[in-house]
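Student: After the structure tokens below, expect a handful of questions from me.
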Amino acid sequence: SLDPERLQSSDFADLSGKKTSQLYAQLKDGLLVKGMIRYDRTRSRAPFPSKTRGFLYYHRHPFLPLTTGEIRFRVTESSDPTCFQNGADLTRSDGALPWSLPVIRLQDCHAPIIRLLEPDIPEAISNLNILFQKICLTFLEQPFVMRLDATCTITTVDSQLHVRKSHMPVLLPVPEHKLRSTFKGRLLVRFEQAPLSEHENDTSIVMRVLKVLEPPEPLVAYAHLFQPIPEPGTLLKYKSFRQIRNHTFNHQFLTRLPRITGSTPTLDGEPLYVGRIVLRFERSTLPQHKNGNFAVLRVLKILDAIKPVNPRATVHLPVPLVGELLVSISGRARSFNLDKAKFMQGLRALPSLPDDEPDL
């Protein structure tokens with residue numbers, strides 16, 4: 001099995017030192033399916049590291065579609081499946097990300113994995129021509145490695161298996177010389193929706209630096225005067241007309257990707273909670289909205305008890321509480337820009353009684 005909740009001791013595998021490891025899967029009908037996996041898919045074909053002992057398993061964020069799933073390897077101390085939770089995922093050779101086999105890259109040689117995952121993988125994955133794409137994203141916040149001194153092609157695969165490619169220019173170019181970078185180095189980054197306080201209801205996408213893999217080194221004199229040095233945990237910024245701004249990306253191929261933050265609160269297509277509540281709109285007094293015209297939702301009363309549909313629901317979205325603001329999956333108050341959102345035009349024209357206590 002590839003389900004972490006159903007692993008058995010017989011699923012334990014030792015891949016240490018192997019360039020290629022054979023896979024066998026015993027299906028319910030008794031059929032034995034054979035296949036193979038590699039640690040390094042580049043020409044060097046590096047072997048699996050020493051002490052690579054543990055379990056192959058299927059991983060997918062609960063809010064994302066099947067196209068985002070992947071196979072990972074959990075390194076454990078023994079063949080006891082109860083050790084799974086205390087183990088650690090095998091990483092790639094550069095240590096930047098977990099070693100994985102995305103379902104959209106599965107081939108005929110991965111037949112045992114494909115058969116074990118059925119019907120939880122898209123049927124048309126074999127028709128995707130993306131095996132040799134270095135950067136392939138299936139959801140917006142997916143981390144990837146980016147070089148500062150080179151251009152690249154980013155391939156995206158959405159939930160409908162539509163493949164799109166876009167050329168990404170040098171991130172921090174020398175002013176008036178867009179093809180020349182101010183720094184060299186490697187970063188682990190991810191795209192994400194622009195912060196609400198700065199780009200409310202905007203489709204702008206920003207890039208967050210998760211980790212510095214190779215420290216930025218200047219390629220031109222006084223590089224730090226041309227562009228800000230990327231720092232882990234911050235949004236990637238650039239200098240324009242002597243002002244430091246967030247680096248934004250308005251590429252349509254990114255906006256069509258499924259995303260974790262701000263996504264519909266469902267788990268495997270089902271709502272997180274059932275129940276009925278009374279809400280009201282009110283003008284926001286939150287600090288991040290002080291310069292705008294925003295509305296938020298406040299919970300006034302619970303009519304039918306709120307019950308989680310899935311036991312993992314409370315991990316991802318807090319239970320609505322009477323008197324509190326309704327929050328989104330990102331943990332922030334659900335807000336609406338009354339000046340920008342077209343569907344809010346009618347609400348903007350309504351009179352307001354902010355201190356009035358509702359008669360419930």
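Letters for chains follow the order of the structure tokens (A, B, ...), residue numbers begin at 1 for each chain, and ligand numbers begin at 1 in the order shown.
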Show which residues sit within 6 Å of range 331-341 of chain A, as a list in words. Count only C-alpha atoms, and ignore same-chain residues fewer than 3 positions away.
Tutor: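 Counting only C-alpha atoms, the residues come to Asn293, Phe294, Ala295, Val296, Leu326, Val327, Ser328, Met344 and Arg348 of chain A.
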Student: Export, as a PDB file, in the first residue's frame, the selected residues with C-alpha atoms.
Tutor:
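Written output follows (part.pdb):
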ATOM      1  CA  ASN A 293     -12.718  50.611   2.297  1.00  0.00           C
ATOM      2  CA  PHE A 294     -13.130  46.986   3.357  1.00  0.00           C
ATOM      3  CA  ALA A 295     -15.924  44.834   4.733  1.00  0.00           C
ATOM      4  CA  VAL A 296     -15.547  41.759   6.943  1.00  0.00           C
ATOM      5  CA  LEU A 326     -15.015  34.738   9.893  1.00  0.00           C
ATOM      6  CA  VAL A 327     -11.539  33.670   8.787  1.00  0.00           C
ATOM      7  CA  SER A 328     -10.228  32.006   5.642  1.00  0.00           C
ATOM      8  CA  MET A 344     -19.796  44.454  -3.768  1.00  0.00           C
ATOM      9  CA  ARG A 348     -21.292  49.737  -0.805  1.00  0.00           C
TER      10      ARG A 348
END
Student: List the neighbours of Arg276 in chain A out to 8 Å using only C-alpha atoms; skip same-chain residues closer than 6 positions along the sequence, and give me the result as a list in words.
Tutor: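 My list of contacting residues is Ile302, Leu303, Asp304, Ala305 and Ile306 of chain A.
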Student: Restricted to C-alpha atoms, what would the selected residues look like written as a PDB file, in the first residue's frame?
Tutor:
ATOM      1  CA  ILE A 302     -25.083  29.597  15.507  1.00  0.00           C
ATOM      2  CA  LEU A 303     -28.416  28.149  14.365  1.00  0.00           C
ATOM      3  CA  ASP A 304     -27.360  24.537  13.773  1.00  0.00           C
ATOM      4  CA  ALA A 305     -24.368  23.029  15.562  1.00  0.00           C
ATOM      5  CA  ILE A 306     -21.198  23.229  13.487  1.00  0.00           C
TER       6      ILE A 306
END
Student: List the neighbours of range 22-27 of chain A out to 7 Å using only C-alpha atoms; skip same-chain residues closer than 5 positions along the sequence, and give me the result as a PyMOL selection string.
Tutor: chain A and resi 32-37+112
Student: Just write the chosen residues, C-alpha atoms, as a PDB file, in the first residue's frame.
Tutor:
ATOM      1  CA  LEU A  32       2.158  -9.184  -9.630  1.00  0.00           C
ATOM      2  CA  VAL A  33       3.182  -5.910 -11.301  1.00  0.00           C
ATOM      3  CA  LYS A  34       6.840  -4.997 -11.799  1.00  0.00           C
ATOM      4  CA  GLY A  35       8.513  -1.630 -12.236  1.00  0.00           C
ATOM      5  CA  MET A  36      11.479   0.478 -11.157  1.00  0.00           C
ATOM      6  CA  ILE A  37      12.445   3.856  -9.681  1.00  0.00           C
ATOM      7  CA  PRO A 112       3.193  -0.768  -9.664  1.00  0.00           C
TER       8      PRO A 112
END
Student: From a DSSP pass on the backbone, collect the residues of range 180-291 of chain A flagged as helix (DSSP H, G or I) and hand them back as a list in words.
Tutor: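 Here are the helix (DSSP H, G or I) residues of range 180-291 of chain A: Leu196, Ser197, Glu198, His199, Ala223, His224, Leu225, Phe226, Gln252, Phe253, Leu254, Thr255, Pro287, Gln288 and His289 of chain A.
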Student: Would you mind telling me which residue in A:Glu214, A:Glu324, A:Glu141, A:Asp149 lies nearest to Leu254 in chain A when using only C-alpha atoms?
Tutor: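 Comparing A:Glu214, A:Glu324, A:Glu141, A:Asp149 against Leu254 in chain A, the winner is A:Glu141.
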